[in-house]
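Colleague: Input file: start-v3.tsv. Contents: TSV, C-alpha atoms.
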```tsv
chain	number	residue	atom	x	y	z
A	137	MET	CA	-8.84	-0.90	2.65
A	138	THR	CA	-5.09	-0.99	3.21
A	139	ALA	CA	-3.54	-3.58	5.49
A	140	PRO	CA	0.22	-3.72	5.15
A	141	GLU	CA	1.19	-5.21	8.48
A	142	GLN	CA	-1.76	-6.27	10.60
A	143	ALA	CA	0.26	-8.97	12.34
A	144	PRO	CA	3.27	-8.12	14.49
A	145	PRO	CA	6.36	-7.81	12.29
A	146	ARG	CA	9.02	-10.48	12.52
A	147	ALA	CA	12.35	-9.41	13.92
A	148	SER	CA	14.87	-8.31	11.34
A	149	THR	CA	17.99	-10.41	11.03
A	150	ALA	CA	19.96	-7.54	9.47
A	151	PRO	CA	23.19	-6.35	11.04
A	152	ASP	CA	23.29	-2.88	12.55
A	153	GLY	CA	24.70	-1.17	9.47
A	154	ASP	CA	27.85	-0.23	7.62
A	155	ALA	CA	30.31	1.26	10.08
A	156	ALA	CA	32.42	2.78	7.28
A	157	THR	CA	29.63	4.73	5.60
A	158	GLY	CA	27.12	5.00	8.41
A	159	ALA	CA	24.45	3.70	6.05
A	160	PRO	CA	21.94	1.28	7.47
A	161	ALA	CA	22.30	-2.30	6.35
A	162	PRO	CA	19.53	-3.68	4.14
A	163	ALA	CA	16.85	-5.30	6.25
A	164	ALA	CA	16.58	-9.04	5.81
A	165	ASP	CA	13.22	-10.71	5.69
A	166	ALA	CA	12.39	-13.74	7.81
A	167	ASP	CA	13.97	-16.06	5.23
A	168	GLY	CA	17.19	-14.01	5.16
A	169	ASP	CA	16.53	-12.31	1.80
A	170	HIS	CA	18.05	-8.82	1.65
A	171	SER	CA	16.71	-7.24	-1.52
A	172	TYR	CA	13.46	-6.72	-3.33
A	173	GLU	CA	12.74	-5.72	-6.89
A	174	ILE	CA	9.80	-3.32	-7.04
A	175	GLY	CA	8.18	-2.56	-10.38
A	176	SER	CA	4.98	-2.16	-12.34
A	177	PRO	CA	2.94	-5.36	-12.58
A	178	ALA	CA	2.03	-7.26	-15.74
A	179	PRO	CA	-1.27	-9.16	-16.03
A	180	ALA	CA	0.43	-12.42	-15.01
A	181	ASP	CA	1.41	-10.78	-11.70
A	182	GLY	CA	-2.28	-10.53	-10.82
A	183	VAL	CA	-2.24	-14.21	-9.87
A	184	ASP	CA	0.42	-13.60	-7.20
A	185	MET	CA	-1.35	-10.45	-5.99
A	186	TRP	CA	-4.58	-12.40	-5.58
A	187	ARG	CA	-2.73	-15.14	-3.67
A	188	LEU	CA	-1.11	-12.60	-1.34
A	189	ALA	CA	-4.48	-10.92	-0.68
A	190	VAL	CA	-6.17	-14.24	0.14
A	191	GLU	CA	-3.31	-15.40	2.35
A	192	ALA	CA	-3.19	-12.06	4.22
A	193	ARG	CA	-6.67	-12.66	5.70
A	194	THR	CA	-6.79	-8.96	6.61
A	195	LEU	CA	-7.81	-7.60	3.20
A	196	ASP	CA	-11.07	-7.77	1.34
A	197	ALA	CA	-9.71	-10.09	-1.34
A	198	ASN	CA	-11.11	-9.52	-4.81
A	199	SER	CA	-11.45	-12.18	-7.50
A	200	ARG	CA	-8.37	-13.47	-9.27
A	201	TYR	CA	-9.75	-11.95	-12.47
A	202	ALA	CA	-9.98	-8.52	-10.80
A	203	TYR	CA	-6.25	-8.54	-9.94
A	204	VAL	CA	-5.26	-9.70	-13.44
A	205	LEU	CA	-7.40	-6.95	-14.98
A	206	TRP	CA	-6.04	-4.39	-12.50
A	207	CYS	CA	-2.49	-5.23	-13.56
A	208	ARG	CA	-3.43	-4.63	-17.17
A	209	ASP	CA	-5.35	-1.38	-16.71
A	210	PHE	CA	-3.64	0.23	-13.70
A	211	ALA	CA	-0.01	-0.95	-13.96
A	212	ARG	CA	1.28	2.63	-13.86
A	213	THR	CA	-0.38	3.22	-10.51
A	214	SER	CA	0.46	-0.14	-8.93
A	215	VAL	CA	3.61	-2.03	-7.98
A	216	ILE	CA	4.62	-5.57	-7.09
A	217	ALA	CA	7.66	-6.57	-5.03
A	218	ARG	CA	9.65	-9.75	-5.61
A	219	ARG	CA	12.61	-11.26	-3.84
A	220	ASP	CA	15.77	-12.28	-5.68
A	221	ASP	CA	14.36	-15.82	-5.91
A	222	GLY	CA	11.28	-14.50	-7.78
A	223	ARG	CA	8.80	-14.93	-4.92
A	224	ALA	CA	6.19	-12.15	-4.84
A	225	VAL	CA	6.17	-10.68	-1.32
A	226	GLY	CA	4.05	-7.57	-1.63
A	227	TYR	CA	2.07	-5.20	-3.78
A	228	VAL	CA	0.33	-1.84	-3.84
A	229	THR	CA	-2.71	-1.20	-6.05
A	230	GLY	CA	-3.91	2.26	-6.90
A	231	TYR	CA	-5.55	4.39	-9.56
A	232	LEU	CA	-5.82	8.06	-10.50
A	233	ARG	CA	-9.19	9.51	-9.52
A	234	PRO	CA	-10.81	11.12	-12.58
A	235	GLU	CA	-12.32	13.95	-10.50
A	236	ASN	CA	-9.09	15.38	-9.08
A	237	GLY	CA	-6.12	13.35	-10.37
A	238	ALA	CA	-5.25	12.12	-6.87
A	239	LEU	CA	-3.56	8.73	-6.58
A	240	LEU	CA	-5.99	6.59	-4.61
A	241	ILE	CA	-4.24	3.67	-2.93
A	242	TRP	CA	-6.64	0.73	-2.84
A	243	GLN	CA	-4.60	-2.05	-1.23
A	244	VAL	CA	-1.18	-2.44	0.37
A	245	CYS	CA	-0.18	-6.03	1.07
A	246	VAL	CA	3.05	-7.45	2.49
A	247	ASP	CA	3.70	-11.17	2.88
A	248	PRO	CA	4.45	-12.10	6.53
A	249	VAL	CA	7.94	-13.26	5.49
A	250	ALA	CA	8.80	-9.70	4.40
A	251	ARG	CA	7.27	-7.74	7.26
A	252	GLY	CA	9.43	-5.53	9.42
A	253	ALA	CA	11.87	-4.68	6.59
A	254	GLY	CA	10.22	-1.40	5.50
A	255	LEU	CA	8.87	-2.91	2.27
A	256	ALA	CA	5.42	-1.29	2.52
A	257	GLY	CA	6.98	2.18	2.69
A	258	ARG	CA	9.35	1.43	-0.20
A	259	MET	CA	6.47	0.20	-2.37
A	260	LEU	CA	4.39	3.26	-1.51
A	261	ASP	CA	7.29	5.54	-2.48
A	262	ALA	CA	7.77	3.62	-5.74
A	263	VAL	CA	4.12	3.83	-6.81
A	264	TRP	CA	4.05	7.54	-5.88
A	265	ASP	CA	7.12	8.21	-8.03
A	266	GLN	CA	5.83	6.36	-11.08
A	267	ALA	CA	2.23	7.68	-10.90
A	268	GLY	CA	3.24	11.35	-11.11
A	269	ALA	CA	0.32	12.59	-9.00
A	270	GLU	CA	0.39	15.62	-6.69
A	271	ARG	CA	-1.95	14.17	-4.07
A	272	MET	CA	-2.65	10.78	-2.55
A	273	GLU	CA	-5.80	9.38	-0.99
A	274	THR	CA	-6.49	6.13	0.80
A	275	THR	CA	-9.17	4.66	3.03
A	276	ILE	CA	-8.31	3.02	6.34
A	277	THR	CA	-10.47	1.43	9.03
A	278	PRO	CA	-10.15	3.11	12.46
A	279	ASP	CA	-8.58	0.03	14.05
A	280	ASN	CA	-5.77	-0.31	11.47
A	281	ALA	CA	-2.93	1.40	13.36
A	282	SER	CA	-0.21	0.00	11.09
A	283	SER	CA	-1.75	1.53	7.95
A	284	ILE	CA	-2.32	4.86	9.68
A	285	ARG	CA	1.36	4.81	10.71
A	286	LEU	CA	2.47	3.83	7.17
A	287	PHE	CA	0.67	6.74	5.50
A	288	THR	CA	1.60	9.22	8.24
A	289	LYS	CA	5.27	8.33	7.72
A	290	PHE	CA	4.81	8.63	3.94
A	291	ALA	CA	3.42	12.16	4.34
A	292	GLY	CA	6.33	13.06	6.62
A	293	ARG	CA	8.96	11.72	4.18
A	294	HIS	CA	7.44	13.75	1.37
A	295	ASP	CA	6.86	16.89	3.47
A	296	MET	CA	3.10	16.81	2.91
A	297	THR	CA	0.12	17.28	5.18
A	298	ILE	CA	-2.32	14.50	6.02
A	299	GLU	CA	-5.97	14.88	6.98
A	300	ARG	CA	-8.70	12.39	7.84
A	301	GLU	CA	-12.40	12.55	6.95
A	302	ASP	CA	-15.27	10.15	7.50
A	303	LEU	CA	-16.12	8.43	4.21
A	304	PHE	CA	-18.12	5.18	4.24
A	305	GLY	CA	-19.97	3.78	7.24
A	306	PRO	CA	-21.93	0.61	8.05
A	307	ASP	CA	-24.95	2.01	6.19
A	308	LEU	CA	-23.02	1.38	2.95
A	309	LEU	CA	-20.51	-1.30	3.92
A	310	GLY	CA	-22.68	-3.40	6.23
A	311	ASP	CA	-22.53	-3.88	9.99
A	312	GLU	CA	-19.83	-6.56	9.68
A	313	HIS	CA	-17.41	-4.07	8.05
A	314	GLU	CA	-15.57	-1.36	9.95
A	315	PRO	CA	-16.09	2.20	8.66
A	316	GLU	CA	-13.58	3.41	6.07
A	317	ASN	CA	-12.01	6.79	6.80
A	318	LEU	CA	-10.56	8.83	3.95
A	319	TYR	CA	-6.97	10.05	4.35
A	320	LEU	CA	-5.95	12.98	2.16
A	321	ILE	CA	-2.21	13.48	1.65
A	322	GLY	CA	-0.67	16.38	-0.22
A	323	PRO	CA	-0.45	20.17	-0.33
A	324	ILE	CA	-3.84	20.36	1.38
A	325	ALA	CA	-3.14	23.42	3.54
A	326	ALA	CA	-2.15	25.46	0.48
A	327	ASP	CA	-5.36	24.45	-1.31
A	328	LYS	CA	-7.41	25.74	1.61
A	329	GLY	CA	-5.58	29.07	1.71
A	330	GLY	CA	-3.27	28.09	4.57
A	331	ASN	CA	0.48	27.97	4.71
A	332	THR	CA	2.49	24.87	3.89
```
Please, can you express the file's structure as structure tokens?

Modeller:
Amino acid sequence: MTAPEQAPPRASTAPDGDAATGAPAPAADADGDHSYEIGSPAPADGVDMWRLAVEARTLDANSRYAYVLWCRDFARTSVIARRDDGRAVGYVTGYLRPENGALLIWQVCVDPVARGAGLAGRMLDAVWDQAGAERMETTITPDNASSIRLFTKFAGRHDMTIEREDLFGPDLLGDEHEPENLYLIGPIAADKGGNT
């Protein structure tokens, strides 16, 4: 269900980096903004999350009420990103699965103006840190290369394994919906008796 960057990212306008420290320069978004505040959402943020989902046209947008309620009940496992001017430019929604405590990421959304600046990865790291889970799960359609890349990079940054399983097909989702594959991220090899 994730769709962080379905459209080609816009070119970054950031300089090459800080020559004195060797640190990369912050990536600017298409409007020239260099920084984002990422934090837990409040119910009022659900309105912006709903707007971003509708405008993305690549997500299954839920009702406005659903996002407001999500921000109330699952704020610890979700984040919203805002620019310095207050504009919401992205979010991640997730919840802890009651069966195994894994953090299931439901949606990742990045406004086109903020694409190409690494915001999706930063939001994913932020929600992972604040949720306190040991494992992550997400579902991705087979044609969503950008989401597959996002979660593969996340697993690499956190030194975790990633596995894919078939989950829901057209028999449940309908012929107009691509199948959803389940991605399992975490110390999976150790759980199966393998080496990490």

Colleague: Using only C-alpha atoms, which residues of range 170-231 of chain A come within 12 Å of range 297-318 of chain A, and what is the closest atom pair for each, with the distance in Å to one decimal? Give it as JSON lines, sorted by chain and residue number.

Modeller:
```
{"residue": "A:Thr194", "atom": "CA", "partner": "A:His313", "partner_atom": "CA", "distance": 11.8}
{"residue": "A:Leu195", "atom": "CA", "partner": "A:His313", "partner_atom": "CA", "distance": 11.3}
{"residue": "A:Asp196", "atom": "CA", "partner": "A:His313", "partner_atom": "CA", "distance": 9.9}
```

Colleague: For a cut-off of 6 Å around (-3.5, 3.9, -4.3), file coordinates, pick out all residues using only C-alpha atoms and list them as a list in words.

Modeller: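 Residues with an atom close enough to that point: Thr229, Gly230, Tyr231, Leu239, Leu240, Ile241 and Trp242 of chain A.
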
Colleague: Leaving out range 202-219 of chain A and any residue of its chain fewer than 6 positions from it, which residues lie within 7 Å of it when counting all atoms listed in the file, given as a compact mmCIF listing (two decimals) with C-alpha atoms, in the coordinates of the input?

Modeller:
```txt
# COMPACT_ATOMS: atom_id res chain seq x y z
CA ASP A 169 16.53 -12.31 1.80
CA SER A 171 16.71 -7.24 -1.52
CA TYR A 172 13.46 -6.72 -3.33
CA GLU A 173 12.74 -5.72 -6.89
CA ILE A 174 9.80 -3.32 -7.04
CA GLY A 175 8.18 -2.56 -10.38
CA SER A 176 4.98 -2.16 -12.34
CA PRO A 177 2.94 -5.36 -12.58
CA ALA A 178 2.03 -7.26 -15.74
CA PRO A 179 -1.27 -9.16 -16.03
CA ALA A 180 0.43 -12.42 -15.01
CA ASP A 181 1.41 -10.78 -11.70
CA GLY A 182 -2.28 -10.53 -10.82
CA VAL A 183 -2.24 -14.21 -9.87
CA MET A 185 -1.35 -10.45 -5.99
CA TRP A 186 -4.58 -12.40 -5.58
CA VAL A 225 6.17 -10.68 -1.32
CA GLY A 226 4.05 -7.57 -1.63
CA TYR A 227 2.07 -5.20 -3.78
CA VAL A 228 0.33 -1.84 -3.84
CA THR A 229 -2.71 -1.20 -6.05
CA GLY A 230 -3.91 2.26 -6.90
CA TYR A 231 -5.55 4.39 -9.56
CA MET A 259 6.47 0.20 -2.37
CA VAL A 263 4.12 3.83 -6.81
CA GLN A 266 5.83 6.36 -11.08
CA ALA A 267 2.23 7.68 -10.90
```

Colleague: Which residues come within 8 Å of Ala256 in chain A, counting all atoms listed in the file, excluding same-chain residues fewer than 3 positions away, as a list of chain:residue names?

Modeller: A:Pro140, A:Gly226, A:Val244, A:Cys245, A:Val246, A:Met259, A:Leu260, A:Leu286

Colleague: Find the distance between CA of Arg285 in chain A and CA of Trp264 in chain A and write it in Å to one decimal.

Modeller: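 Between these atoms lies a distance of 17.0 Å.
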
Colleague: At what distance in Å, to one decimal, does CA of Val249 in chain A lie from CA of Arg223 in chain A?

Modeller: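 A separation of 10.6 Å between them.
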
Colleague: So how many Å separate CA of Arg200 in chain A and CA of Asn236 in chain A, to one decimal?

Modeller: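 Calculated distance between CA of Arg200 in chain A and CA of Asn236 in chain A is 28.9 Å.
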